[in-house]
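Here the structure comes first, spelled out in structure tokens, and everything after it is commentary.
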Amino acid sequence: MKHGAIWSLDRRLSTWLAIQTFVGLALVSVAVYTATAFTLAARQADSLAQKQDVVTHFLNEAEHEGDLPSLKHKLDDYFTGHDDLLLELRGQDGARVYRSAPQSADVKHAHAVTFTLASPESLFGSVIAQLSLNTRADDDLLQRLAVTLAAAALLGSFVVSVGGFLLVRLGHAPVQHLVDQTRDLAANTLGRRLDGSAQPGELQPLVKQFNALLERLERAYAQLEGFNSDVAHELNTPLSIIITSTELALRKARHPEALRDTLGSNLEDLHRMSGIIKDMLFLSQSERGASARRTHVPSLAAVAFDVADFHEAALSDAALQIEIAGDIAGDFDVPLVKRAISNLLGNATRYAERGSLVRIELALRDGGFAELAVTNRGQTIAAEHLPRLFDRFYRADPSRAQAESHHGLGLAIVATIARMHGGQPFARSVEGRTSIGLLLTITTQENSL
């Protein structure tokens with residue numbers, strides 16, 4: 001479906017302003033014309049009423065005097081100075097018995113009044129009088145007034161339209177200035193911010209919101225660049241190992257056991273790559289709006305116990321003790337919660353002091369949140385690293401120690417699971433005691449211990 005060209009704000013506002021002005025001026029013009037016409041009509045009616053009284057007076061005088069020539073002479077004398085008036089007297093049989101001066105006979109624009117007069121039989125008897133007033137001058141005045149008012153309305157609308165267009169253009173100059181600033185923005189210039197110092201107060205919130213958006217875009221773009229680099233690094237290393245080992249195996253004949261070891265090593269790397277891809281797919285799906293599928297969980301401590309039992313071997317190898325403190329009931333996505341606890345336990349196992357205690361802490365917090373945290377003793381994490389622990393592929397250790405055993409997506413998945421439950425992740429590290437976990441909204445709470 002095709003749409004017509006969309007007018008600019010300048011044209012749209014100036015056009016509507018011109019239309020509004022024309023309608024307003026037209027209504028005023030109609031009011032002025034109507035008032036003037038009504039006034040002229042009232043004046044004409046008053047004039048005819050006065051002339052009717054004069055004619056009636058002359059007939060009454062003639063009735064007393066009984067002099068017909070004298071009556072006609074008086075009427076002729078009176079109407080001689082009133083060329084805009086015409087008087088006709090007709091008998092009951094329709095015959096004309098008197099008509100004023102001939103020059104007033106042809107009246108094209110007339111306001112007429114007809115009335116009956118009674119006179120002696122010796123004069124006219126009962127007659128019908130028609131008194132007409134020539135209104136050509138008033139009609140011409142009204143016509144000139146109508147043309148003047150119409151021209152004034154059109155000219156006024158045009159002037160207002162042009163002036164409105166210029167004023168709107170002038171008023172939109174700050175917006176154009178913002179457009180010019182945004183035109184220079186690109187992926188490599190996201191660090192710039194819009195200058196709103198010269199903008200009016202109405203545009204200040206827009207400038208602030210746009211600058212905040214640029215800040216988020218800059219941060220997201222930086223994360224994307226780092227993400228691409230980390231993905232390339234994480235996938236390139238196992239791929240290079242697989243390619244190299246395969247090439248070496250194909251160069252010369254090898255014992256089946258040696259080939260089996262090579263294939264086993266390659267399979268481990270392939271499993272690691274597959275894990276990275278699955279985790280990336282999970283993160284991608286969650287960012288597209290996937291939410292937790294909640295079911296009632298009578299005891300989160302029991303869920304944590306199942307996960308801890310799965311990690312028993314790794315905890316034993318690190319000589320770590322496990323303890324679960326507290327319990328919460330509510331509606332949660334059990335597989336996702338298990339995955340989050342597993343990732344947190346795996347992270348604590350890698351970095352906890354050997355022989356120390358790892359605690360899974362469950363507690364209620366204000367606002368209807370359940371706090372799930374895994375606490376361990378180890379090296380204190382610097383404060384500047386804590387907000388970025390949940391970034392993809394981020395490691396506080398730049399040497400990528402233990403990169404062969406984990407790929408840096410575990411805590412990013414924990415953060416995603418927290419958001420899927422309407423919560424958020426958190427990390428604290430003070431004096432060698434590190435606590436990393438997540439807050440989950442509780443939709444149903446039956447009991448808590």
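In the structure tokens, chains take letters A, B, ... by order of appearance, with residues numbered from 1 within each chain and ligands from 1 in the order shown.
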
Spatial neighbours of Leu75 in chain A, max dist 9 Å, only C-alpha atoms, sep filter under 2 positions, as a ChimeraX atom specification: /A:55,58,70-73,77-80,87,100

Which residues are near Ala146 in chain A? Cut-off 10 Å, only C-alpha atoms, ignore same chain within fewer than 4 positions. Put them as a VMD selection string. chain A and resid 29 to 30 32 to 34 140 to 142 150 to 152

Determine which residues of range 251-427 of chain A DSSP labels as helix (DSSP H, G or I) from the backbone of this structure, then write them out as JSON, numbers by chain. {"A": [251, 256, 257, 258, 259, 260, 261, 262, 263, 264, 265, 266, 267, 268, 269, 270, 271, 272, 273, 274, 275, 276, 277, 278, 279, 280, 281, 282, 283, 284, 285, 286, 287, 300, 301, 302, 303, 304, 305, 306, 307, 308, 309, 310, 312, 313, 314, 315, 316, 317, 334, 335, 336, 337, 338, 339, 340, 341, 342, 343, 344, 345, 346, 347, 348, 349, 350, 351, 386, 387, 388, 410, 411, 412, 413, 414, 415, 416, 417, 418, 419, 420]}

Residues near Leu214 in chain A, cut-off 8 Å, only C-alpha atoms, skip fewer than 3 positions along chain, as a list of chain:residue names: A:Leu190, A:Gly191, A:Arg193, A:Phe210, A:Asn211, A:Leu217, A:Glu218

Next, write the just-selected residues to a file, as an mmCIF file, in the first residue's frame, keeping N, CA and C atoms as the atom set.
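Output file again_6.cif is given in full below:
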data_model
loop_
_atom_site.group_PDB
_atom_site.id
_atom_site.type_symbol
_atom_site.label_atom_id
_atom_site.label_comp_id
_atom_site.auth_asym_id
_atom_site.auth_seq_id
_atom_site.Cartn_x
_atom_site.Cartn_y
_atom_site.Cartn_z
ATOM 1 N N LEU A 190 31.142 6.955 18.935
ATOM 2 C CA LEU A 190 30.074 6.852 19.921
ATOM 3 C C LEU A 190 30.433 7.537 21.229
ATOM 4 N N GLY A 191 31.715 7.878 21.396
ATOM 5 C CA GLY A 191 32.118 8.582 22.605
ATOM 6 C C GLY A 191 31.657 10.030 22.641
ATOM 7 N N ARG A 193 29.030 13.212 22.620
ATOM 8 C CA ARG A 193 27.728 13.451 23.206
ATOM 9 C C ARG A 193 27.126 14.706 22.581
ATOM 10 N N PHE A 210 18.994 11.041 24.876
ATOM 11 C CA PHE A 210 19.790 10.604 23.733
ATOM 12 C C PHE A 210 21.235 10.366 24.152
ATOM 13 N N ASN A 211 21.764 11.238 24.993
ATOM 14 C CA ASN A 211 23.132 11.030 25.470
ATOM 15 C C ASN A 211 23.235 9.768 26.317
ATOM 16 N N LEU A 217 24.862 2.564 24.156
ATOM 17 C CA LEU A 217 25.340 2.007 22.889
ATOM 18 C C LEU A 217 26.860 1.864 22.889
ATOM 19 N N GLU A 218 27.543 2.866 23.442
ATOM 20 C CA GLU A 218 29.004 2.795 23.493
ATOM 21 C C GLU A 218 29.448 1.604 24.339
#

Non-local contacts of Gly156 in chain A (10 Å; only C-alpha atoms; under 6 positions in same chain excluded) as number ranges by chain: A: 18, 21-22, 25, 150, 162

Quick one: residues within 8 Å of Ile442 in chain A, only C-alpha atoms counted, chain neighbours fewer than 4 positions away excluded, as an MDAnalysis selection string? chainID A and resid 330:332 368:370

Take the selection from the previous step and output its residues with C-alpha atoms, as a PDB file, in the first residue's frame.
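As written to disk, part_1.pdb reads:
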ATOM      1  CA  GLY A 330       8.239 -20.452  46.084  1.00  0.00           C
ATOM      2  CA  ASP A 331       7.715 -20.731  42.329  1.00  0.00           C
ATOM      3  CA  PHE A 332      10.984 -21.057  40.389  1.00  0.00           C
ATOM      4  CA  GLY A 368       9.654 -10.276  47.738  1.00  0.00           C
ATOM      5  CA  PHE A 369      13.108 -11.466  46.692  1.00  0.00           C
ATOM      6  CA  ALA A 370      14.884 -14.713  47.415  1.00  0.00           C
TER       7      ALA A 370
END

Let me make sure I understand: among A:Arg96, A:Lys338, A:Arg90, A:Arg350, which one has the smallest atom-to-atom distance to Asp317 in chain A if we use only C-alpha atoms? A:Arg350

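Among the candidate residues A:Gly326, A:Gly346, A:Gly367, A:Pro174, the one lying nearest to Gly422 in chain A is A:Gly367, with distances computed using only C-alpha atoms.
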